[in-house]
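Asker: PDB, C-alpha atoms, pLDDT in the B column, file target19.pdb:
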```pdb
ATOM      1  CA  MET A   1     -68.372  32.611  32.465  1.00 52.00           C
ATOM      2  CA  LYS A   2     -67.672  29.150  33.806  1.00 51.00           C
ATOM      3  CA  LYS A   3     -68.086  28.496  37.565  1.00 48.00           C
ATOM      4  CA  THR A   4     -66.180  25.801  39.434  1.00 43.00           C
ATOM      5  CA  LEU A   5     -67.503  24.150  42.563  1.00 41.00           C
ATOM      6  CA  ALA A   6     -64.901  22.859  45.005  1.00 39.00           C
ATOM      7  CA  VAL A   7     -65.810  20.088  47.415  1.00 38.00           C
ATOM      8  CA  VAL A   8     -63.702  19.614  50.498  1.00 36.00           C
ATOM      9  CA  LEU A   9     -63.912  16.176  52.041  1.00 36.00           C
ATOM     10  CA  PRO A  10     -62.820  15.537  55.623  1.00 38.00           C
ATOM     11  CA  SER A  11     -59.750  13.386  56.036  1.00 32.00           C
ATOM     12  CA  LEU A  12     -58.974  10.906  58.755  1.00 30.00           C
ATOM     13  CA  ILE A  13     -55.627  11.226  60.470  1.00 30.00           C
ATOM     14  CA  LEU A  14     -54.502   8.221  62.495  1.00 31.00           C
ATOM     15  CA  MET A  15     -52.384   8.832  65.580  1.00 33.00           C
ATOM     16  CA  SER A  16     -50.910   6.618  68.246  1.00 35.00           C
ATOM     17  CA  SER A  17     -52.970   6.107  71.383  1.00 38.00           C
ATOM     18  CA  THR A  18     -50.631   8.321  73.415  1.00 40.00           C
ATOM     19  CA  ALA A  19     -51.103  11.201  70.943  1.00 39.00           C
ATOM     20  CA  LEU A  20     -54.830  11.147  71.686  1.00 43.00           C
ATOM     21  CA  ALA A  21     -54.404  10.919  75.449  1.00 56.00           C
ATOM     22  CA  TRP A  22     -55.273  13.787  77.751  1.00 88.00           C
ATOM     23  CA  VAL A  23     -53.010  12.472  80.506  1.00 92.00           C
ATOM     24  CA  GLN A  24     -49.488  13.861  80.735  1.00 93.00           C
ATOM     25  CA  VAL A  25     -46.563  12.727  82.866  1.00 95.00           C
ATOM     26  CA  THR A  26     -43.842  15.183  83.908  1.00 96.00           C
ATOM     27  CA  PRO A  27     -40.952  14.992  83.783  1.00 97.00           C
ATOM     28  CA  PRO A  28     -40.910  12.650  80.777  1.00 96.00           C
ATOM     29  CA  SER A  29     -37.588  11.093  81.840  1.00 97.00           C
ATOM     30  CA  LEU A  30     -35.759  10.349  85.085  1.00 98.00           C
ATOM     31  CA  ASP A  31     -31.996   9.895  85.438  1.00 98.00           C
ATOM     32  CA  TYR A  32     -30.811   8.172  88.615  1.00 98.00           C
ATOM     33  CA  GLY A  33     -27.099   8.509  87.897  1.00 97.00           C
ATOM     34  CA  ALA A  34     -24.739   6.060  89.590  1.00 98.00           C
ATOM     35  CA  VAL A  35     -26.252   4.008  92.425  1.00 98.00           C
ATOM     36  CA  ARG A  36     -24.294   1.442  94.454  1.00 97.00           C
ATOM     37  CA  LEU A  37     -25.441  -2.176  94.353  1.00 97.00           C
ATOM     38  CA  GLY A  38     -27.594  -2.885  97.412  1.00 95.00           C
ATOM     39  CA  MET A  39     -28.701   0.773  97.663  1.00 97.00           C
ATOM     40  CA  SER A  40     -31.639   2.560  96.076  1.00 97.00           C
ATOM     41  CA  SER A  41     -32.563   5.975  94.750  1.00 98.00           C
ATOM     42  CA  SER A  42     -36.044   7.450  94.234  1.00 98.00           C
ATOM     43  CA  ARG A  43     -37.483  10.104  91.923  1.00 98.00           C
ATOM     44  CA  TRP A  44     -40.933  11.708  91.884  1.00 98.00           C
ATOM     45  CA  PHE A  45     -43.115  12.454  88.859  1.00 97.00           C
ATOM     46  CA  THR A  46     -46.544  14.018  88.302  1.00 97.00           C
ATOM     47  CA  VAL A  47     -49.555  12.640  86.424  1.00 96.00           C
ATOM     48  CA  GLN A  48     -52.028  15.306  85.238  1.00 96.00           C
ATOM     49  CA  ASN A  49     -55.382  15.061  83.475  1.00 95.00           C
ATOM     50  CA  TRP A  50     -55.618  17.891  80.937  1.00 93.00           C
ATOM     51  CA  GLY A  51     -58.847  16.542  79.458  1.00 91.00           C
ATOM     52  CA  PRO A  52     -62.382  17.850  79.779  1.00 92.00           C
ATOM     53  CA  GLN A  53     -63.597  14.675  81.526  1.00 92.00           C
ATOM     54  CA  ALA A  54     -62.468  12.460  84.369  1.00 94.00           C
ATOM     55  CA  THR A  55     -60.202   9.523  83.573  1.00 93.00           C
ATOM     56  CA  ARG A  56     -59.399   6.295  85.381  1.00 95.00           C
ATOM     57  CA  VAL A  57     -55.863   5.635  86.614  1.00 95.00           C
ATOM     58  CA  PHE A  58     -55.175   1.896  86.841  1.00 95.00           C
ATOM     59  CA  GLY A  59     -51.528   1.744  87.865  1.00 95.00           C
ATOM     60  CA  CYS A  60     -47.899   1.889  86.860  1.00 96.00           C
ATOM     61  CA  SER A  61     -45.595  -0.799  85.497  1.00 95.00           C
ATOM     62  CA  THR A  62     -41.805  -0.986  85.342  1.00 95.00           C
ATOM     63  CA  PHE A  63     -39.162  -3.604  84.591  1.00 90.00           C
ATOM     64  CA  GLY A  64     -35.677  -4.557  85.671  1.00 91.00           C
ATOM     65  CA  SER A  65     -34.300  -2.790  88.733  1.00 96.00           C
ATOM     66  CA  PHE A  66     -37.042  -0.115  88.765  1.00 97.00           C
ATOM     67  CA  TRP A  67     -40.185  -0.146  90.906  1.00 96.00           C
ATOM     68  CA  CYS A  68     -43.128   2.237  90.513  1.00 96.00           C
ATOM     69  CA  GLN A  69     -45.757   3.410  92.983  1.00 96.00           C
ATOM     70  CA  LEU A  70     -48.654   5.828  92.347  1.00 96.00           C
ATOM     71  CA  GLN A  71     -50.348   8.056  94.901  1.00 95.00           C
ATOM     72  CA  CYS A  72     -53.332   8.674  92.635  1.00 95.00           C
ATOM     73  CA  PRO A  73     -57.051   8.275  93.138  1.00 95.00           C
ATOM     74  CA  PHE A  74     -58.769   5.764  90.855  1.00 95.00           C
ATOM     75  CA  ILE A  75     -60.625   8.665  89.180  1.00 95.00           C
ATOM     76  CA  LEU A  76     -58.574  11.706  88.188  1.00 94.00           C
ATOM     77  CA  GLY A  77     -60.875  14.644  87.393  1.00 94.00           C
ATOM     78  CA  PRO A  78     -60.324  17.350  84.769  1.00 94.00           C
ATOM     79  CA  GLY A  79     -57.339  19.502  85.744  1.00 94.00           C
ATOM     80  CA  GLN A  80     -56.425  17.245  88.663  1.00 96.00           C
ATOM     81  CA  TRP A  81     -52.970  15.820  89.226  1.00 96.00           C
ATOM     82  CA  CYS A  82     -51.296  13.298  91.474  1.00 96.00           C
ATOM     83  CA  ASN A  83     -47.788  12.065  92.217  1.00 97.00           C
ATOM     84  CA  GLY A  84     -45.910   8.874  91.615  1.00 97.00           C
ATOM     85  CA  ILE A  85     -42.504   7.669  92.667  1.00 97.00           C
ATOM     86  CA  ILE A  86     -40.081   5.337  90.927  1.00 98.00           C
ATOM     87  CA  HIS A  87     -37.354   3.590  92.901  1.00 98.00           C
ATOM     88  CA  TYR A  88     -34.136   2.312  91.347  1.00 98.00           C
ATOM     89  CA  SER A  89     -32.261  -0.529  93.081  1.00 97.00           C
ATOM     90  CA  PRO A  90     -29.585  -1.855  90.719  1.00 97.00           C
ATOM     91  CA  ARG A  91     -29.031  -5.611  90.781  1.00 94.00           C
ATOM     92  CA  THR A  92     -25.981  -5.667  88.511  1.00 95.00           C
ATOM     93  CA  GLU A  93     -23.211  -3.318  87.458  1.00 97.00           C
ATOM     94  CA  GLY A  94     -23.716  -1.238  84.339  1.00 97.00           C
ATOM     95  CA  ASN A  95     -26.214   0.992  82.602  1.00 97.00           C
ATOM     96  CA  GLU A  96     -29.945   0.284  82.630  1.00 97.00           C
ATOM     97  CA  PHE A  97     -32.492   1.907  80.363  1.00 97.00           C
ATOM     98  CA  GLN A  98     -36.161   1.116  80.969  1.00 96.00           C
ATOM     99  CA  ASN A  99     -39.636   2.630  80.640  1.00 96.00           C
ATOM    100  CA  ALA A 100     -42.346   3.102  83.219  1.00 97.00           C
ATOM    101  CA  GLN A 101     -45.865   3.041  81.793  1.00 96.00           C
ATOM    102  CA  ILE A 102     -48.794   4.699  83.523  1.00 96.00           C
ATOM    103  CA  GLN A 103     -52.003   2.827  82.713  1.00 95.00           C
ATOM    104  CA  THR A 104     -55.005   5.129  82.264  1.00 93.00           C
ATOM    105  CA  GLN A 105     -58.262   4.831  80.376  1.00 92.00           C
ATOM    106  CA  ASP A 106     -57.042   7.556  77.995  1.00 85.00           C
ATOM    107  CA  GLY A 107     -53.651   6.118  77.106  1.00 87.00           C
ATOM    108  CA  PHE A 108     -50.325   4.941  78.411  1.00 92.00           C
ATOM    109  CA  PRO A 109     -47.968   7.864  79.039  1.00 94.00           C
ATOM    110  CA  THR A 110     -44.379   6.736  79.505  1.00 95.00           C
ATOM    111  CA  VAL A 111     -41.517   7.874  81.706  1.00 96.00           C
ATOM    112  CA  PHE A 112     -38.075   6.996  80.315  1.00 97.00           C
ATOM    113  CA  LEU A 113     -35.681   5.730  83.019  1.00 98.00           C
ATOM    114  CA  ARG A 114     -31.895   5.575  83.188  1.00 98.00           C
ATOM    115  CA  GLY A 115     -29.545   4.467  85.947  1.00 98.00           C
ATOM    116  CA  THR A 116     -26.127   2.916  86.448  1.00 98.00           C
ATOM    117  CA  GLY A 117     -25.317   0.216  88.972  1.00 97.00           C
ATOM    118  CA  ILE A 118     -21.853   0.505  90.536  1.00 97.00           C
ATOM    119  CA  ARG A 119     -19.855  -1.406  93.195  1.00 94.00           C
TER     120      ARG A 119
END
```
Represent the structure of the file as C-alpha cells.
Answerer:
Amino acid sequence: MKKTLAVVLPSLILMSSTALAWVQVTPPSLDYGAVRLGMSSSRWFTVQNWGPQATRVFGCSTFGSFWCQLQCPFILGPGQWCNGIIHYSPRTEGNEFQNAQIQTQDGFPTVFLRGTGIR
C-alpha cells in the first residue's frame, strides 16, 4: 500500500490598504442634491474603530466645493466612534463628484460625495 503525504503551504494574499483597515466610515456616500450657488448644505458621517487596538485619526481631506471637519479625538480606542461633517458650497453650476478621505494610521476610508450647483 502506497501512502501519499500532502504538504499545505501558506499563501500570501495582497489586499489594498483600505481592505486591511479596522476603521469604517458610515454612510459610505453622501448626496447633497441641488444646492443654490452662494448657499451651503451639510451632512454628518460617523468614523468607528472596529479594531482590537487604538488608532490615530489625523484628519479629513476634500476637494472642490466640499469642506470636511472631524470631531474626533487624536486617539480612537477599540469600539469607539466619532462624528464628522462635510459641507457643500457649490461654486459653479452643474454636478460635482468628489471623495473625502479620512486619514488614520490604519488606512484611508473614503466617503463618496455628490452635489449639484444651481442658480
Asker: Quick one: residues within 9 Å of Cys68 of chain A, all atoms listed in the file counted, chain neighbours fewer than 6 positions away excluded, as a list in words?
Answerer: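 Skipping anything fewer than 6 positions along the chain leaves Gly59, Cys60, Ser61, Thr62, Gly84, Ile85, Ile86, His87 and Ala100 of chain A.
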Asker: With only C-alpha atoms as the basis for distance, which of A:Trp81, A:Phe97, A:Phe112, A:Phe58 is at the shortest distance from Gln24 of chain A?
Answerer: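 Closest residue, counting only C-alpha atoms: A:Trp81.
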Asker: With all atoms listed in the file as the atoms that count, which of A:Gln80, A:Gln69, A:Ser89, A:Gln98 lies nearest to Thr110 of chain A?
Answerer: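 Using all atoms listed in the file, the shortest distance to Thr110 of chain A belongs to A:Gln98.
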Asker: Written as a ChimeraX atom specification, what is the full residue list that the PyMOL selection byres ((chain A and resi 43) around 12) yields on the file shown?
Answerer: /A:26-33,40-42,44-46,66-70,83-89,111,113-115
Asker: Quick one: pull the distance between atom CA of Gly38 of chain A and atom CA of Glu96 of chain A, Å, one decimal.
Answerer: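 We find that atom CA of Gly38 of chain A and atom CA of Glu96 of chain A lie 15.3 Å from each other.
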Asker: Expressed in Å to a single decimal, how great is the separation between atom CA of Gly51 of chain A and atom CA of Val25 of chain A?
Answerer: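 Between atom CA of Gly51 of chain A and atom CA of Val25 of chain A the gap works out to 13.3 Å.
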Asker: What separation in Å, quoted to one decimal, exists between atom CA of Val35 of chain A and atom CA of Ile102 of chain A?
Answerer: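 A separation of 24.2 Å between them.
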Asker: Can you pull out the residues contacting Asn49 of chain A? Cut-off 6 Å, using all atoms listed in the file, and skip same-chain residues under 5 positions away; I want them as an mmCIF file with C-alpha atoms, in the coordinates of the input.
Answerer:
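Here's the written file selection-v1.cif:
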```cif
data_model
loop_
_atom_site.group_PDB
_atom_site.id
_atom_site.type_symbol
_atom_site.label_atom_id
_atom_site.label_comp_id
_atom_site.auth_asym_id
_atom_site.auth_seq_id
_atom_site.Cartn_x
_atom_site.Cartn_y
_atom_site.Cartn_z
ATOM 1 C CA TRP A 22 -55.273 13.787 77.751
ATOM 2 C CA VAL A 23 -53.010 12.472 80.506
ATOM 3 C CA PRO A 78 -60.324 17.350 84.769
ATOM 4 C CA GLY A 79 -57.339 19.502 85.744
ATOM 5 C CA GLN A 80 -56.425 17.245 88.663
#
```
Asker: Please, what is the axis-aligned box for every listed atom of segment 81-89 of chain A with 3 Å on each side, as centre and edge lengths in Å to one decimal, as JSON?
Answerer:
```
{"center_x": -42.6, "center_y": 7.6, "center_z": 91.2, "size_x": 26.7, "size_y": 22.3, "size_z": 9.9}
```
Asker: Hey, which of A:Cys82, A:Leu37, A:Gly117, A:Gly77 ends up closest to Ala54 of chain A? Count only C-alpha atoms.
Answerer: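 Selected residue with least distance to Ala54 of chain A: A:Gly77.
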Asker: Since fewer atoms than expected are present, regenerate N, CA and C atoms for segment 38-74 of chain A and write them as a tab-separated table (two decimals), in the frame of the given file.
Answerer:
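That gives us out.tsv:
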```
chain	number	residue	atom	x	y	z
A	38	GLY	N	-27.08	-2.74	96.06
A	38	GLY	CA	-27.59	-2.88	97.41
A	38	GLY	C	-28.23	-1.62	97.96
A	39	MET	N	-28.09	-0.50	97.25
A	39	MET	CA	-28.70	0.77	97.66
A	39	MET	C	-29.85	1.08	96.71
A	40	SER	N	-30.57	2.15	96.98
A	40	SER	CA	-31.64	2.56	96.08
A	40	SER	C	-31.73	4.08	96.01
A	41	SER	N	-32.34	4.55	94.95
A	41	SER	CA	-32.56	5.98	94.75
A	41	SER	C	-33.99	6.15	94.24
A	42	SER	N	-34.65	7.23	94.61
A	42	SER	CA	-36.04	7.45	94.23
A	42	SER	C	-36.22	8.80	93.57
A	43	ARG	N	-37.15	8.86	92.62
A	43	ARG	CA	-37.48	10.10	91.92
A	43	ARG	C	-39.00	10.21	91.81
A	44	TRP	N	-39.50	11.43	91.98
A	44	TRP	CA	-40.93	11.71	91.88
A	44	TRP	C	-41.31	12.17	90.48
A	45	PHE	N	-42.56	11.94	90.10
A	45	PHE	CA	-43.12	12.45	88.86
A	45	PHE	C	-44.57	12.81	89.11
A	46	THR	N	-45.16	13.56	88.18
A	46	THR	CA	-46.54	14.02	88.30
A	46	THR	C	-47.37	13.50	87.13
A	47	VAL	N	-48.58	13.06	87.43
A	47	VAL	CA	-49.56	12.64	86.42
A	47	VAL	C	-50.67	13.68	86.44
A	48	GLN	N	-50.98	14.28	85.28
A	48	GLN	CA	-52.03	15.31	85.24
A	48	GLN	C	-53.03	15.01	84.13
A	49	ASN	N	-54.30	15.23	84.45
A	49	ASN	CA	-55.38	15.06	83.48
A	49	ASN	C	-55.71	16.43	82.89
A	50	TRP	N	-55.35	16.63	81.63
A	50	TRP	CA	-55.62	17.89	80.94
A	50	TRP	C	-56.94	17.84	80.18
A	51	GLY	N	-57.62	16.72	80.23
A	51	GLY	CA	-58.85	16.54	79.46
A	51	GLY	C	-60.07	17.20	80.08
A	52	PRO	N	-61.15	17.24	79.31
A	52	PRO	CA	-62.38	17.85	79.78
A	52	PRO	C	-63.22	16.92	80.65
A	53	GLN	N	-62.84	15.65	80.74
A	53	GLN	CA	-63.60	14.68	81.53
A	53	GLN	C	-62.66	13.91	82.44
A	54	ALA	N	-63.25	13.28	83.45
A	54	ALA	CA	-62.47	12.46	84.37
A	54	ALA	C	-61.91	11.25	83.63
A	55	THR	N	-60.81	10.73	84.14
A	55	THR	CA	-60.20	9.52	83.57
A	55	THR	C	-59.85	8.57	84.70
A	56	ARG	N	-59.79	7.30	84.39
A	56	ARG	CA	-59.40	6.30	85.38
A	56	ARG	C	-57.88	6.09	85.32
A	57	VAL	N	-57.29	5.93	86.50
A	57	VAL	CA	-55.86	5.64	86.61
A	57	VAL	C	-55.76	4.23	87.21
A	58	PHE	N	-55.21	3.30	86.43
A	58	PHE	CA	-55.18	1.90	86.84
A	58	PHE	C	-53.89	1.51	87.56
A	59	GLY	N	-52.77	2.12	87.21
A	59	GLY	CA	-51.53	1.74	87.86
A	59	GLY	C	-50.31	2.15	87.06
A	60	CYS	N	-49.19	1.56	87.46
A	60	CYS	CA	-47.90	1.89	86.86
A	60	CYS	C	-47.10	0.60	86.76
A	61	SER	N	-46.42	0.40	85.64
A	61	SER	CA	-45.60	-0.80	85.50
A	61	SER	C	-44.17	-0.43	85.09
A	62	THR	N	-43.22	-1.17	85.65
A	62	THR	CA	-41.80	-0.99	85.34
A	62	THR	C	-41.16	-2.36	85.19
A	63	PHE	N	-39.90	-2.36	84.79
A	63	PHE	CA	-39.16	-3.60	84.59
A	63	PHE	C	-37.76	-3.47	85.16
A	64	GLY	N	-37.06	-4.58	85.24
A	64	GLY	CA	-35.68	-4.56	85.67
A	64	GLY	C	-35.53	-4.14	87.12
A	65	SER	N	-34.62	-3.23	87.37
A	65	SER	CA	-34.30	-2.79	88.73
A	65	SER	C	-35.15	-1.60	89.19
A	66	PHE	N	-36.19	-1.26	88.43
A	66	PHE	CA	-37.04	-0.12	88.76
A	66	PHE	C	-38.36	-0.59	89.35
A	67	TRP	N	-38.92	0.19	90.27
A	67	TRP	CA	-40.18	-0.15	90.91
A	67	TRP	C	-41.02	1.13	91.04
A	68	CYS	N	-42.26	1.06	90.61
A	68	CYS	CA	-43.13	2.24	90.51
A	68	CYS	C	-44.28	2.16	91.51
A	69	GLN	N	-44.65	3.32	92.04
A	69	GLN	CA	-45.76	3.41	92.98
A	69	GLN	C	-46.51	4.71	92.73
A	70	LEU	N	-47.83	4.63	92.57
A	70	LEU	CA	-48.65	5.83	92.35
A	70	LEU	C	-49.37	6.23	93.62
A	71	GLN	N	-49.53	7.51	93.81
A	71	GLN	CA	-50.35	8.06	94.90
A	71	GLN	C	-51.51	8.80	94.26
A	72	CYS	N	-52.25	8.07	93.42
A	72	CYS	CA	-53.33	8.67	92.64
A	72	CYS	C	-54.67	8.06	93.02
A	73	PRO	N	-55.72	8.86	92.97
A	73	PRO	CA	-57.05	8.28	93.14
A	73	PRO	C	-57.40	7.46	91.89
A	74	PHE	N	-58.37	6.57	92.00
A	74	PHE	CA	-58.77	5.76	90.86
A	74	PHE	C	-59.35	6.65	89.75
```
